[in-house]
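Asker: This is the content of coords05.cif (mmCIF, C-alpha atoms and all ligand atoms):
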data_protein
loop_
_atom_site.group_PDB
_atom_site.id
_atom_site.type_symbol
_atom_site.label_atom_id
_atom_site.label_comp_id
_atom_site.auth_asym_id
_atom_site.auth_seq_id
_atom_site.Cartn_x
_atom_site.Cartn_y
_atom_site.Cartn_z
ATOM 1 C CA MET A 1 -55.630 149.763 -62.786
ATOM 2 C CA ARG A 2 -58.358 147.151 -62.226
ATOM 3 C CA SER A 3 -58.911 148.241 -58.590
ATOM 4 C CA LEU A 4 -59.046 151.924 -59.539
ATOM 5 C CA GLU A 5 -62.599 152.535 -58.368
ATOM 6 C CA ILE A 6 -61.770 151.056 -54.949
ATOM 7 C CA PHE A 7 -58.531 153.033 -54.769
ATOM 8 C CA LYS A 8 -60.255 156.327 -55.593
ATOM 9 C CA LYS A 9 -62.461 155.990 -52.506
ATOM 10 C CA THR A 10 -59.474 155.786 -50.135
ATOM 11 C CA PRO A 11 -58.109 158.710 -48.083
ATOM 12 C CA LEU A 12 -54.705 157.885 -49.588
ATOM 13 C CA TYR A 13 -55.982 158.783 -53.064
ATOM 14 C CA ALA A 14 -57.463 162.072 -51.857
ATOM 15 C CA GLU A 15 -54.173 162.929 -50.226
ATOM 16 C CA LEU A 16 -52.124 162.155 -53.336
ATOM 17 C CA VAL A 17 -54.382 164.262 -55.535
ATOM 18 C CA ASN A 18 -55.161 167.182 -53.257
ATOM 19 C CA GLY A 19 -52.736 167.475 -50.418
ATOM 20 C CA LYS A 20 -49.053 167.240 -49.869
ATOM 21 C CA PRO A 21 -48.425 163.509 -50.083
ATOM 22 C CA ILE A 22 -46.153 162.126 -47.434
ATOM 23 C CA HIS A 23 -42.841 160.979 -48.890
ATOM 24 C CA SER A 24 -42.541 157.501 -47.399
ATOM 25 C CA ILE A 25 -45.621 155.331 -47.601
ATOM 26 C CA MET A 26 -45.808 151.752 -46.335
ATOM 27 C CA LEU A 27 -48.528 149.598 -47.883
ATOM 28 C CA ILE A 28 -49.340 146.667 -45.599
ATOM 29 C CA SER A 29 -51.219 143.523 -46.638
ATOM 30 C CA PRO A 30 -50.562 139.780 -46.933
ATOM 31 C CA ASP A 31 -52.238 140.077 -50.344
ATOM 32 C CA GLN A 32 -49.395 140.545 -52.865
ATOM 33 C CA SER A 33 -51.714 141.313 -55.779
ATOM 34 C CA GLN A 34 -53.323 144.158 -53.863
ATOM 35 C CA LEU A 35 -49.911 145.536 -52.834
ATOM 36 C CA ASP A 36 -48.834 145.544 -56.492
ATOM 37 C CA ASP A 37 -52.093 147.149 -57.653
ATOM 38 C CA TYR A 38 -51.985 149.906 -55.037
ATOM 39 C CA ALA A 39 -48.339 150.741 -55.703
ATOM 40 C CA GLU A 40 -49.086 150.961 -59.419
ATOM 41 C CA MET A 41 -52.112 153.211 -58.888
ATOM 42 C CA MET A 42 -50.148 155.446 -56.530
ATOM 43 C CA CYS A 43 -47.390 155.828 -59.126
ATOM 44 C CA MET A 44 -49.928 156.655 -61.841
ATOM 45 C CA THR A 45 -51.589 159.229 -59.603
ATOM 46 C CA LEU A 46 -48.226 160.833 -58.843
ATOM 47 C CA PHE A 47 -47.083 160.994 -62.491
ATOM 48 C CA CYS A 48 -50.342 161.370 -64.474
ATOM 49 C CA SER A 49 -50.418 164.533 -66.601
ATOM 50 C CA ASP A 50 -54.225 164.642 -66.873
ATOM 51 C CA THR A 51 -56.439 166.710 -64.558
ATOM 52 C CA ASN A 52 -58.494 163.608 -63.728
ATOM 53 C CA LYS A 53 -55.743 161.548 -62.123
ATOM 54 C CA PRO A 54 -54.939 158.793 -62.862
ATOM 55 C CA CYS A 55 -56.359 158.774 -66.385
ATOM 56 C CA GLY A 56 -54.665 155.519 -67.420
ATOM 57 C CA LYS A 57 -54.242 156.886 -70.955
ATOM 58 C CA CYS A 58 -51.616 159.635 -70.921
ATOM 59 C CA ASN A 59 -48.019 158.942 -71.813
ATOM 60 C CA ASN A 60 -46.941 158.729 -68.160
ATOM 61 C CA CYS A 61 -49.819 156.456 -67.088
ATOM 62 C CA GLN A 62 -49.023 154.116 -69.963
ATOM 63 C CA LYS A 63 -45.365 154.068 -68.976
ATOM 64 C CA VAL A 64 -46.302 153.203 -65.373
ATOM 65 C CA LEU A 65 -48.503 150.368 -66.599
ATOM 66 C CA HIS A 66 -45.681 149.026 -68.778
ATOM 67 C CA HIS A 67 -43.070 149.499 -66.041
ATOM 68 C CA ASN A 68 -40.861 151.695 -68.235
ATOM 69 C CA LEU A 69 -41.016 155.114 -66.621
ATOM 70 C CA VAL A 70 -37.356 155.736 -65.807
ATOM 71 C CA ASP A 71 -38.079 157.822 -62.699
ATOM 72 C CA ILE A 72 -39.857 154.918 -61.023
ATOM 73 C CA LEU A 73 -37.210 152.631 -59.612
ATOM 74 C CA GLU A 74 -38.436 149.216 -58.552
ATOM 75 C CA TYR A 75 -36.436 146.975 -56.242
ATOM 76 C CA PRO A 76 -35.422 144.172 -55.885
ATOM 77 C CA LYS A 77 -34.462 143.787 -59.516
ATOM 78 C CA GLN A 78 -32.902 140.326 -59.468
ATOM 79 C CA ASP A 79 -33.690 138.312 -56.374
ATOM 80 C CA ASP A 80 -36.772 138.111 -54.173
ATOM 81 C CA VAL A 81 -35.226 140.399 -51.573
ATOM 82 C CA ILE A 82 -33.242 143.647 -51.847
ATOM 83 C CA LYS A 83 -29.523 142.884 -51.471
ATOM 84 C CA SER A 84 -26.677 145.057 -50.286
ATOM 85 C CA ASP A 85 -25.565 146.346 -53.730
ATOM 86 C CA GLU A 86 -29.139 147.279 -54.608
ATOM 87 C CA LEU A 87 -29.520 149.120 -51.336
ATOM 88 C CA SER A 88 -26.416 151.160 -52.203
ATOM 89 C CA GLN A 89 -28.029 152.028 -55.554
ATOM 90 C CA ILE A 90 -31.126 153.235 -53.672
ATOM 91 C CA VAL A 91 -29.183 155.257 -51.099
ATOM 92 C CA ASN A 92 -27.105 156.946 -53.832
ATOM 93 C CA GLY A 93 -30.034 157.146 -56.258
ATOM 94 C CA ILE A 94 -32.110 159.472 -54.113
ATOM 95 C CA LEU A 95 -29.428 162.142 -54.522
ATOM 96 C CA GLU A 96 -29.623 162.044 -58.333
ATOM 97 C CA LEU A 97 -32.127 164.282 -60.104
ATOM 98 C CA PRO A 98 -35.102 162.772 -61.941
ATOM 99 C CA TYR A 99 -34.490 162.092 -65.668
ATOM 100 C CA GLU A 100 -37.744 162.951 -67.373
ATOM 101 C CA ALA A 101 -40.313 163.848 -64.721
ATOM 102 C CA ASP A 102 -40.319 166.254 -61.781
ATOM 103 C CA LYS A 103 -40.062 163.508 -59.180
ATOM 104 C CA LYS A 104 -38.611 160.080 -58.471
ATOM 105 C CA VAL A 105 -40.396 157.154 -56.850
ATOM 106 C CA PHE A 106 -38.679 154.162 -55.310
ATOM 107 C CA VAL A 107 -40.966 151.126 -55.083
ATOM 108 C CA LEU A 108 -39.539 148.549 -52.703
ATOM 109 C CA SER A 109 -41.076 145.058 -52.540
ATOM 110 C CA ASN A 110 -40.724 142.350 -49.891
ATOM 111 C CA VAL A 111 -39.472 144.819 -47.287
ATOM 112 C CA SER A 112 -40.479 142.451 -44.464
ATOM 113 C CA SER A 113 -38.023 139.861 -45.830
ATOM 114 C CA MET A 114 -35.041 142.242 -45.658
ATOM 115 C CA ASP A 115 -32.768 141.490 -42.719
ATOM 116 C CA MET A 116 -32.565 143.985 -39.861
ATOM 117 C CA LEU A 117 -29.148 145.302 -40.876
ATOM 118 C CA MET A 118 -30.423 146.149 -44.356
ATOM 119 C CA GLN A 119 -33.579 147.726 -42.969
ATOM 120 C CA ASN A 120 -31.430 149.846 -40.710
ATOM 121 C CA LYS A 121 -29.394 151.066 -43.680
ATOM 122 C CA LEU A 122 -32.594 152.031 -45.469
ATOM 123 C CA LEU A 123 -33.696 154.106 -42.492
ATOM 124 C CA LYS A 124 -31.565 157.136 -43.273
ATOM 125 C CA SER A 125 -32.963 157.414 -46.804
ATOM 126 C CA LEU A 126 -36.535 157.220 -45.535
ATOM 127 C CA GLU A 127 -35.842 159.807 -42.883
ATOM 128 C CA GLU A 128 -34.839 162.765 -45.008
ATOM 129 C CA PRO A 129 -35.479 162.149 -48.684
ATOM 130 C CA PRO A 130 -35.098 165.162 -51.011
ATOM 131 C CA LYS A 131 -38.453 166.829 -51.668
ATOM 132 C CA ASP A 132 -38.907 165.295 -55.123
ATOM 133 C CA VAL A 133 -38.295 161.718 -53.901
ATOM 134 C CA TYR A 134 -41.006 159.304 -52.786
ATOM 135 C CA PHE A 135 -40.811 155.833 -51.288
ATOM 136 C CA ILE A 136 -43.495 153.186 -51.565
ATOM 137 C CA LEU A 137 -42.717 150.168 -49.380
ATOM 138 C CA LYS A 138 -44.668 146.953 -49.893
ATOM 139 C CA VAL A 139 -44.920 144.962 -46.669
ATOM 140 C CA SER A 140 -46.622 141.588 -46.222
ATOM 141 C CA ASN A 141 -45.904 141.225 -42.494
ATOM 142 C CA GLU A 142 -45.299 144.379 -40.496
ATOM 143 C CA ASN A 143 -44.104 142.386 -37.465
ATOM 144 C CA GLN A 144 -40.912 141.725 -39.421
ATOM 145 C CA VAL A 145 -40.237 145.408 -40.037
ATOM 146 C CA LEU A 146 -38.140 147.499 -37.643
ATOM 147 C CA GLN A 147 -40.186 149.879 -35.519
ATOM 148 C CA THR A 148 -37.847 152.697 -36.545
ATOM 149 C CA VAL A 149 -38.571 152.024 -40.243
ATOM 150 C CA LYS A 150 -42.317 151.904 -39.589
ATOM 151 C CA SER A 151 -42.256 155.138 -37.662
ATOM 152 C CA ARG A 152 -40.682 156.973 -40.650
ATOM 153 C CA CYS A 153 -43.535 155.927 -42.940
ATOM 154 C CA ARG A 154 -47.235 156.577 -43.261
ATOM 155 C CA LYS A 155 -48.707 153.111 -42.742
ATOM 156 C CA ILE A 156 -51.616 152.167 -44.989
ATOM 157 C CA TYR A 157 -53.398 148.886 -44.209
ATOM 158 C CA LEU A 158 -55.085 147.527 -47.316
ATOM 159 C CA PRO A 159 -58.474 146.061 -46.396
ATOM 160 C CA ASN A 160 -59.669 142.612 -47.502
ATOM 161 C CA LEU A 161 -61.764 142.831 -50.639
ATOM 162 C CA SER A 162 -65.511 142.181 -50.515
ATOM 163 C CA GLU A 163 -67.224 139.504 -52.624
ATOM 164 C CA ASP A 164 -68.547 142.203 -54.982
ATOM 165 C CA GLU A 165 -65.117 143.782 -55.401
ATOM 166 C CA LEU A 166 -63.508 140.401 -56.105
ATOM 167 C CA ASP A 167 -66.269 139.619 -58.576
ATOM 168 C CA LYS A 168 -65.445 142.795 -60.516
ATOM 169 C CA LEU A 169 -61.677 142.294 -60.399
ATOM 170 C CA LEU A 170 -61.473 138.640 -61.452
ATOM 171 C CA PRO A 171 -62.009 137.439 -65.039
ATOM 172 C CA SER A 172 -65.585 136.310 -65.610
ATOM 173 C CA ASP A 173 -64.829 133.382 -67.896
ATOM 174 C CA ASN A 174 -63.276 131.060 -65.313
ATOM 175 C CA VAL A 175 -65.307 128.059 -64.089
ATOM 176 C CA ASN A 176 -63.643 128.258 -60.667
ATOM 177 C CA LYS A 177 -64.478 131.934 -60.090
ATOM 178 C CA GLU A 178 -67.388 131.544 -57.675
ATOM 179 C CA GLU A 179 -65.536 129.007 -55.514
ATOM 180 C CA ALA A 180 -62.291 131.004 -55.657
ATOM 181 C CA ILE A 181 -64.133 134.031 -54.228
ATOM 182 C CA ALA A 182 -65.842 131.838 -51.624
ATOM 183 C CA PHE A 183 -62.588 130.459 -50.233
ATOM 184 C CA CYS A 184 -59.972 133.208 -50.740
ATOM 185 C CA GLY A 185 -60.812 135.058 -47.505
ATOM 186 C CA GLY A 186 -60.933 138.425 -49.315
ATOM 187 C CA SER A 187 -57.433 138.043 -50.770
ATOM 188 C CA LEU A 188 -57.039 138.848 -54.469
ATOM 189 C CA SER A 189 -53.775 136.922 -54.809
ATOM 190 C CA GLN A 190 -55.272 133.848 -53.129
ATOM 191 C CA ALA A 191 -58.303 134.007 -55.462
ATOM 192 C CA GLU A 192 -56.011 134.356 -58.504
ATOM 193 C CA HIS A 193 -54.008 131.363 -57.291
ATOM 194 C CA PHE A 194 -57.196 129.270 -56.970
ATOM 195 C CA LEU A 195 -58.365 130.309 -60.464
ATOM 196 C CA LYS A 196 -55.238 128.786 -61.986
ATOM 197 C CA GLN A 197 -56.116 125.300 -60.721
ATOM 198 C CA THR A 198 -57.866 122.996 -63.108
ATOM 199 C CA ASP A 199 -60.069 121.279 -60.548
ATOM 200 C CA PHE A 200 -60.511 123.767 -57.733
ATOM 201 C CA LYS A 201 -64.278 123.273 -57.696
ATOM 202 C CA GLY A 202 -63.769 119.495 -57.553
ATOM 203 C CA ASN A 203 -61.508 119.914 -54.518
ATOM 204 C CA VAL A 204 -64.129 122.055 -52.753
ATOM 205 C CA ASP A 205 -66.763 119.372 -53.460
ATOM 206 C CA LEU A 206 -64.429 116.669 -52.144
ATOM 207 C CA ILE A 207 -63.824 118.464 -48.833
ATOM 208 C CA PHE A 208 -67.538 119.099 -48.334
ATOM 209 C CA ASP A 209 -68.195 115.436 -49.177
ATOM 210 C CA ILE A 210 -65.682 114.323 -46.527
ATOM 211 C CA LEU A 211 -67.083 116.664 -43.869
ATOM 212 C CA LEU A 212 -70.707 115.751 -44.586
ATOM 213 C CA ASN A 213 -70.588 112.053 -45.462
ATOM 214 C CA TYR A 214 -67.445 110.411 -44.058
ATOM 215 C CA ARG A 215 -68.784 108.588 -41.006
ATOM 216 C CA ASN A 216 -67.015 105.241 -40.620
ATOM 217 C CA SER A 217 -63.648 103.660 -41.293
ATOM 218 C CA SER A 218 -64.950 101.480 -44.129
ATOM 219 C CA GLN A 219 -65.083 104.671 -46.237
ATOM 220 C CA THR A 220 -61.466 105.638 -45.489
ATOM 221 C CA LEU A 221 -59.978 103.865 -48.508
ATOM 222 C CA MET A 222 -62.422 105.566 -50.888
ATOM 223 C CA TYR A 223 -61.593 109.060 -49.651
ATOM 224 C CA SER A 224 -57.865 108.468 -49.182
ATOM 225 C CA SER A 225 -57.498 107.184 -52.752
ATOM 226 C CA LYS A 226 -59.043 110.434 -53.992
ATOM 227 C CA LEU A 227 -56.567 112.482 -51.948
ATOM 228 C CA TYR A 228 -53.418 110.430 -52.715
ATOM 229 C CA ASP A 229 -53.372 111.897 -56.246
ATOM 230 C CA LYS A 230 -53.569 115.470 -55.023
ATOM 231 C CA LYS A 231 -50.195 116.024 -53.430
ATOM 232 C CA ASN A 232 -49.528 119.171 -55.483
ATOM 233 C CA GLU A 233 -52.844 120.723 -54.443
ATOM 234 C CA PHE A 234 -52.814 119.408 -50.883
ATOM 235 C CA LEU A 235 -51.975 122.699 -49.138
ATOM 236 C CA ASP A 236 -54.804 124.391 -51.040
ATOM 237 C CA ILE A 237 -57.173 121.577 -50.064
ATOM 238 C CA ILE A 238 -56.236 122.069 -46.405
ATOM 239 C CA SER A 239 -56.756 125.814 -46.783
ATOM 240 C CA ILE A 240 -60.295 125.179 -48.162
ATOM 241 C CA TYR A 241 -60.884 122.840 -45.203
ATOM 242 C CA LEU A 242 -59.701 125.461 -42.681
ATOM 243 C CA LYS A 243 -61.824 128.144 -44.353
ATOM 244 C CA ILE A 244 -64.918 125.931 -44.064
ATOM 245 C CA LEU A 245 -64.209 125.332 -40.369
ATOM 246 C CA GLN A 246 -63.731 129.082 -39.877
ATOM 247 C CA ASP A 247 -67.064 129.792 -41.588
ATOM 248 C CA VAL A 248 -68.759 127.223 -39.322
ATOM 249 C CA ASN A 249 -67.350 129.146 -36.362
ATOM 250 C CA TYR A 250 -68.680 132.414 -37.818
ATOM 251 C CA ILE A 251 -72.154 130.845 -37.954
ATOM 252 C CA ARG A 252 -71.814 129.754 -34.309
ATOM 253 C CA ILE A 253 -70.905 133.250 -33.106
ATOM 254 C CA GLY A 254 -73.648 134.871 -35.186
ATOM 255 C CA ARG A 255 -71.345 136.563 -37.705
ATOM 256 C CA ARG A 256 -72.713 135.287 -41.008
ATOM 257 C CA ASP A 257 -71.760 138.652 -42.523
ATOM 258 C CA LEU A 258 -68.104 137.472 -42.455
ATOM 259 C CA ILE A 259 -68.825 134.406 -44.598
ATOM 260 C CA TYR A 260 -67.780 134.591 -48.260
ATOM 261 C CA SER A 261 -68.971 131.068 -49.079
ATOM 262 C CA SER A 262 -72.644 131.868 -48.431
ATOM 263 C CA THR A 263 -73.605 129.867 -51.534
ATOM 264 C CA HIS A 264 -72.674 126.838 -49.386
ATOM 265 C CA MET A 265 -74.814 127.909 -46.421
ATOM 266 C CA ASP A 266 -76.839 124.650 -46.377
ATOM 267 C CA GLU A 267 -73.682 122.537 -46.172
ATOM 268 C CA LEU A 268 -72.136 124.841 -43.559
ATOM 269 C CA LEU A 269 -75.257 124.566 -41.376
ATOM 270 C CA ARG A 270 -75.190 120.785 -41.635
ATOM 271 C CA ILE A 271 -71.514 120.691 -40.603
ATOM 272 C CA CYS A 272 -72.389 123.066 -37.755
ATOM 273 C CA GLY A 273 -75.061 120.580 -36.605
ATOM 274 C CA ASP A 274 -72.717 117.572 -36.986
ATOM 275 C CA PHE A 275 -69.544 118.744 -35.240
ATOM 276 C CA SER A 276 -69.312 120.162 -31.719
ATOM 277 C CA VAL A 277 -67.257 123.254 -30.822
ATOM 278 C CA ASP A 278 -64.562 120.976 -29.353
ATOM 279 C CA ALA A 279 -64.518 118.830 -32.480
ATOM 280 C CA ILE A 280 -63.954 121.862 -34.730
ATOM 281 C CA LEU A 281 -61.171 123.136 -32.440
ATOM 282 C CA GLY A 282 -59.464 119.729 -32.615
ATOM 283 C CA MET A 283 -59.782 119.618 -36.402
ATOM 284 C CA VAL A 284 -58.249 123.077 -36.802
ATOM 285 C CA SER A 285 -55.303 122.207 -34.582
ATOM 286 C CA ASP A 286 -54.780 118.861 -36.418
ATOM 287 C CA ALA A 287 -54.850 120.664 -39.787
ATOM 288 C CA ILE A 288 -52.201 123.145 -38.666
ATOM 289 C CA LYS A 289 -49.969 120.257 -37.499
ATOM 290 C CA LEU A 290 -50.566 118.584 -40.852
ATOM 291 C CA ILE A 291 -49.290 121.652 -42.742
ATOM 292 C CA GLU A 292 -46.121 121.562 -40.627
ATOM 293 C CA LYS A 293 -45.663 117.866 -41.446
ATOM 294 C CA PHE A 294 -46.207 118.585 -45.137
ATOM 295 C CA ASP A 295 -43.506 121.259 -45.018
ATOM 296 C CA ARG A 296 -41.148 118.693 -43.457
ATOM 297 C CA ASN A 297 -41.807 116.339 -46.381
ATOM 298 C CA CYS A 298 -43.277 113.491 -44.334
ATOM 299 C CA ASN A 299 -44.764 110.433 -46.088
ATOM 300 C CA PHE A 300 -47.705 111.877 -47.995
ATOM 301 C CA ASN A 301 -50.050 108.872 -48.050
ATOM 302 C CA ALA A 302 -49.582 108.359 -44.306
ATOM 303 C CA MET A 303 -50.435 112.033 -43.774
ATOM 304 C CA VAL A 304 -53.633 111.681 -45.801
ATOM 305 C CA ASP A 305 -54.662 108.621 -43.762
ATOM 306 C CA SER A 306 -54.052 110.364 -40.460
ATOM 307 C CA PHE A 307 -55.936 113.465 -41.698
ATOM 308 C CA LEU A 308 -59.011 111.363 -42.513
ATOM 309 C CA LEU A 309 -58.889 109.178 -39.414
ATOM 310 C CA GLY A 310 -58.455 112.318 -37.298
ATOM 311 C CA ILE A 311 -61.781 113.630 -38.613
ATOM 312 C CA LEU A 312 -63.507 110.334 -37.748
ATOM 313 C CA GLU A 313 -61.917 110.357 -34.306
ATOM 314 C CA VAL A 314 -63.125 113.844 -33.325
ATOM 315 C CA ARG A 315 -66.548 113.102 -34.773
ATOM 316 C CA HIS A 316 -66.869 110.228 -32.270
ATOM 317 C CA LYS A 317 -64.834 111.641 -29.376
ATOM 318 C CA CYS A 318 -66.539 115.041 -29.248
ATOM 319 C CA PRO A 319 -70.236 114.320 -29.893
ATOM 320 C CA MET A 320 -72.736 117.165 -30.154
HETATM 321 ZN ZN ZN B 401 -52.614 159.775 -66.896
#
Would you write out, as C-alpha cells, the structure that this file holds?
Answerer:
Amino acid sequence: MRSLEIFKKTPLYAELVNGKPIHSIMLISPDQSQLDDYAEMMCMTLFCSDTNKPCGKCNNCQKVLHHNLVDILEYPKQDDVIKSDELSQIVNGILELPYEADKKVFVLSNVSSMDMLMQNKLLKSLEEPPKDVYFILKVSNENQVLQTVKSRCRKIYLPNLSEDELDKLLPSDNVNKEEAIAFCGGSLSQAEHFLKQTDFKGNVDLIFDILLNYRNSSQTLMYSSKLYDKKNEFLDIISIYLKILQDVNYIRIGRRDLIYSSTHMDELLRICGDFSVDAILGMVSDAIKLIEKFDRNCNFNAMVDSFLLGILEVRHKCPM
C-alpha cells in the first residue's frame, strides 16, 4: 500500500482498472520488497469494491492487506520454494470456483528458484487458466525461468526506486535512513535491510575513512582491528565499498545523475582523484573474490588483512 502512488502511475495499473487484464503476470525484480508490494497492490486493485481502486479501506482491500482473502492463494506456504504437493494444489485449484469473490488469484513467490521440472508442470496452468483465474508470479532472476513459462506471461520489470520515492517509503525516524538510501542502489529491500543495522552509518564512515586516509602499512593494525569485530556485517560493508567504487566510476563517465550518495560528493571526488581507473578495477575484482572467500568460510581475520593490504597495493601499483 505504501508504494500506491508509484503503482498508480504504471501502465499495469491502468490495464487492471480499465482494460482486460492479462491472466498471467510475471513481476520481475531483484528487490523482494517491491515484488511483495506490487503483488499486494495488484490483488487489491483486482478485488477492491470501490470505484476508486484500490481504496485500501473496503472489506476486500482490508482482507488483502491482512492476507485473509480466501480467493487469493499464496504459494509456497511452508518452504521457501513451491514443492510438488503444492504445485498439485495449484493445478487442481484453478478448476475450483472462487469461494467469496468473482475471481481467484494465485500469487507464486520465488518462481526462479523452482526447478525446471516443476516450472514445466506449472506451464499448462499458465497457458489456459479459466477466465476468472489470475496468476501473479514473483521472479527475482528471470534467467532462471524457462523461456516457455516467460512467454505465457506478461513480463513487468519493476524499476529501481528513486531517492525521493525511497524517502517517502521508508520510516522517517531511523538514524540510518539517509545512508541506507545512499547505498541501497534503488532497492527497497536492501534499504530496509540496512535500516535494521545498529551502526550502518558508522560502517559507511569507516569505509570512507579507509578509502581516504589509509596510506601506509603502519595503519593496517588500526583499521583491521576495527573490522575484526564486524564479521556479521562484513558482506554489507563490502557492498557499501563496491557501491562507493561504482559511484566513483559514474563520476568518471559523467553520469552523476546515477549517484544516490550525492551527499558524499566531496569524498567521492577525492577518491576519484586518489585512485586510477586501473586501481578501481583491481579493487572491484578483489572485493568480488573476497565475497566468494567469505562464502567459503575462510579465516575471517586473514581475509580482513588481505582486503586492507590489497587496497594499499593498488594505491601504489596503479598511481594516478
Ligand atoms: Zn477497496
Asker: Could you spell out the hits of the PyMOL selection byres (((chain A and resi 8-18) around 10) and not hetatm) on the shown file, as a list in words?
Answerer: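 Applied to this file, the PyMOL selection byres (((chain A and resi 8-18) around 10) and not hetatm) selects Ser3, Leu4, Glu5, Ile6, Phe7, Gly19, Lys20, Pro21, Ile22, Ile25, Tyr38, Met41, Met42, Cys43, Thr45, Leu46, Thr51, Asn52, Lys53, Pro54, Arg154, Ile156 and Leu158 of chain A.
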Asker: Neighbours of ligand ZN 401 (chain B) at 8 Å or closer, counting all atoms listed in the file: which residues, as a list in words?
Answerer: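 Answer in the requested format: Met44, Thr45, Phe47, Cys48, Ser49, Asp50, Asn52, Lys53, Pro54, Cys55, Gly56, Lys57, Cys58, Asn59, Asn60, Cys61 and Gln62 of chain A.
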Asker: Given all atoms listed in the file, how would the per-residue table for segment 40-77 of chain A near segment 101-114 of chain A read, listing every residue at most 6 Å away with its closest atom pair and distance in Å to one decimal, sorted by chain and number, as CSV?
Answerer:
residue,atom,partner,partner_atom,distance
A:Asp71,CA,A:Lys104,CA,4.8
A:Ile72,CA,A:Val105,CA,4.8
A:Leu73,CA,A:Phe106,CA,4.8
A:Glu74,CA,A:Val107,CA,4.7
A:Tyr75,CA,A:Leu108,CA,5.0
Asker: Could you list, as an mmCIF file with C-alpha atoms, keeping the file's coordinate frame, every residue matched by the PyMOL selection byres (((chain A and resi 161) around 12) and not hetatm) in this structure?
Answerer:
data_model
loop_
_atom_site.group_PDB
_atom_site.id
_atom_site.type_symbol
_atom_site.label_atom_id
_atom_site.label_comp_id
_atom_site.auth_asym_id
_atom_site.auth_seq_id
_atom_site.Cartn_x
_atom_site.Cartn_y
_atom_site.Cartn_z
ATOM 1 C CA SER A 3 -58.911 148.241 -58.590
ATOM 2 C CA ILE A 6 -61.770 151.056 -54.949
ATOM 3 C CA PHE A 7 -58.531 153.033 -54.769
ATOM 4 C CA SER A 29 -51.219 143.523 -46.638
ATOM 5 C CA ASP A 31 -52.238 140.077 -50.344
ATOM 6 C CA SER A 33 -51.714 141.313 -55.779
ATOM 7 C CA GLN A 34 -53.323 144.158 -53.863
ATOM 8 C CA LEU A 158 -55.085 147.527 -47.316
ATOM 9 C CA PRO A 159 -58.474 146.061 -46.396
ATOM 10 C CA ASN A 160 -59.669 142.612 -47.502
ATOM 11 C CA SER A 162 -65.511 142.181 -50.515
ATOM 12 C CA GLU A 163 -67.224 139.504 -52.624
ATOM 13 C CA ASP A 164 -68.547 142.203 -54.982
ATOM 14 C CA GLU A 165 -65.117 143.782 -55.401
ATOM 15 C CA LEU A 166 -63.508 140.401 -56.105
ATOM 16 C CA ASP A 167 -66.269 139.619 -58.576
ATOM 17 C CA LYS A 168 -65.445 142.795 -60.516
ATOM 18 C CA LEU A 169 -61.677 142.294 -60.399
ATOM 19 C CA LEU A 170 -61.473 138.640 -61.452
ATOM 20 C CA ILE A 181 -64.133 134.031 -54.228
ATOM 21 C CA ALA A 182 -65.842 131.838 -51.624
ATOM 22 C CA CYS A 184 -59.972 133.208 -50.740
ATOM 23 C CA GLY A 185 -60.812 135.058 -47.505
ATOM 24 C CA GLY A 186 -60.933 138.425 -49.315
ATOM 25 C CA SER A 187 -57.433 138.043 -50.770
ATOM 26 C CA LEU A 188 -57.039 138.848 -54.469
ATOM 27 C CA SER A 189 -53.775 136.922 -54.809
ATOM 28 C CA GLN A 190 -55.272 133.848 -53.129
ATOM 29 C CA ALA A 191 -58.303 134.007 -55.462
ATOM 30 C CA LEU A 258 -68.104 137.472 -42.455
ATOM 31 C CA TYR A 260 -67.780 134.591 -48.260
#
Asker: Closest to Tyr134 of chain A among A:Ile291, A:Ala39, A:Leu268, A:Val314, using all atoms listed in the file?
Answerer: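 Looking only at the distances to Tyr134 of chain A, the closest residue turns out to be A:Ala39.
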Asker: Please return, as a PDB file with C-alpha atoms, in the frame of the given file, all polymer residues that have at least one atom within 12 Å of the point (-61.5, 121.0, -59.5); use all atoms listed in the file and the file's own coordinate frame.
Answerer:
ATOM      1  CA  ASN A 174     -63.276 131.060 -65.313  1.00  0.00           C
ATOM      2  CA  VAL A 175     -65.307 128.059 -64.089  1.00  0.00           C
ATOM      3  CA  ASN A 176     -63.643 128.258 -60.667  1.00  0.00           C
ATOM      4  CA  LYS A 177     -64.478 131.934 -60.090  1.00  0.00           C
ATOM      5  CA  GLU A 179     -65.536 129.007 -55.514  1.00  0.00           C
ATOM      6  CA  ALA A 180     -62.291 131.004 -55.657  1.00  0.00           C
ATOM      7  CA  PHE A 194     -57.196 129.270 -56.970  1.00  0.00           C
ATOM      8  CA  LEU A 195     -58.365 130.309 -60.464  1.00  0.00           C
ATOM      9  CA  LYS A 196     -55.238 128.786 -61.986  1.00  0.00           C
ATOM     10  CA  GLN A 197     -56.116 125.300 -60.721  1.00  0.00           C
ATOM     11  CA  THR A 198     -57.866 122.996 -63.108  1.00  0.00           C
ATOM     12  CA  ASP A 199     -60.069 121.279 -60.548  1.00  0.00           C
ATOM     13  CA  PHE A 200     -60.511 123.767 -57.733  1.00  0.00           C
ATOM     14  CA  LYS A 201     -64.278 123.273 -57.696  1.00  0.00           C
ATOM     15  CA  GLY A 202     -63.769 119.495 -57.553  1.00  0.00           C
ATOM     16  CA  ASN A 203     -61.508 119.914 -54.518  1.00  0.00           C
ATOM     17  CA  VAL A 204     -64.129 122.055 -52.753  1.00  0.00           C
ATOM     18  CA  ASP A 205     -66.763 119.372 -53.460  1.00  0.00           C
ATOM     19  CA  LEU A 206     -64.429 116.669 -52.144  1.00  0.00           C
ATOM     20  CA  ILE A 207     -63.824 118.464 -48.833  1.00  0.00           C
ATOM     21  CA  LYS A 230     -53.569 115.470 -55.023  1.00  0.00           C
ATOM     22  CA  GLU A 233     -52.844 120.723 -54.443  1.00  0.00           C
ATOM     23  CA  ASP A 236     -54.804 124.391 -51.040  1.00  0.00           C
ATOM     24  CA  ILE A 237     -57.173 121.577 -50.064  1.00  0.00           C
TER      25      ILE A 237
END
Asker: For each of A:Val277, A:Leu35, A:Val149, A:Ile240, take the minimum atom-to-atom distance to Ile253 of chain A, counting all atoms listed in the file, then give the residue where this is smallest.
Answerer: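 Once distances to Ile253 of chain A are computed over all atoms listed in the file, the minimum belongs to A:Val277.
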Asker: Quick one: of A:Leu308, A:Leu117, A:Leu97, A:Val70, who's nearest to Ser225 of chain A, counting all atoms listed in the file?
Answerer: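 Checking each of A:Leu308, A:Leu117, A:Leu97, A:Val70 against Ser225 of chain A, counting all atoms listed in the file, the winner is A:Leu308.
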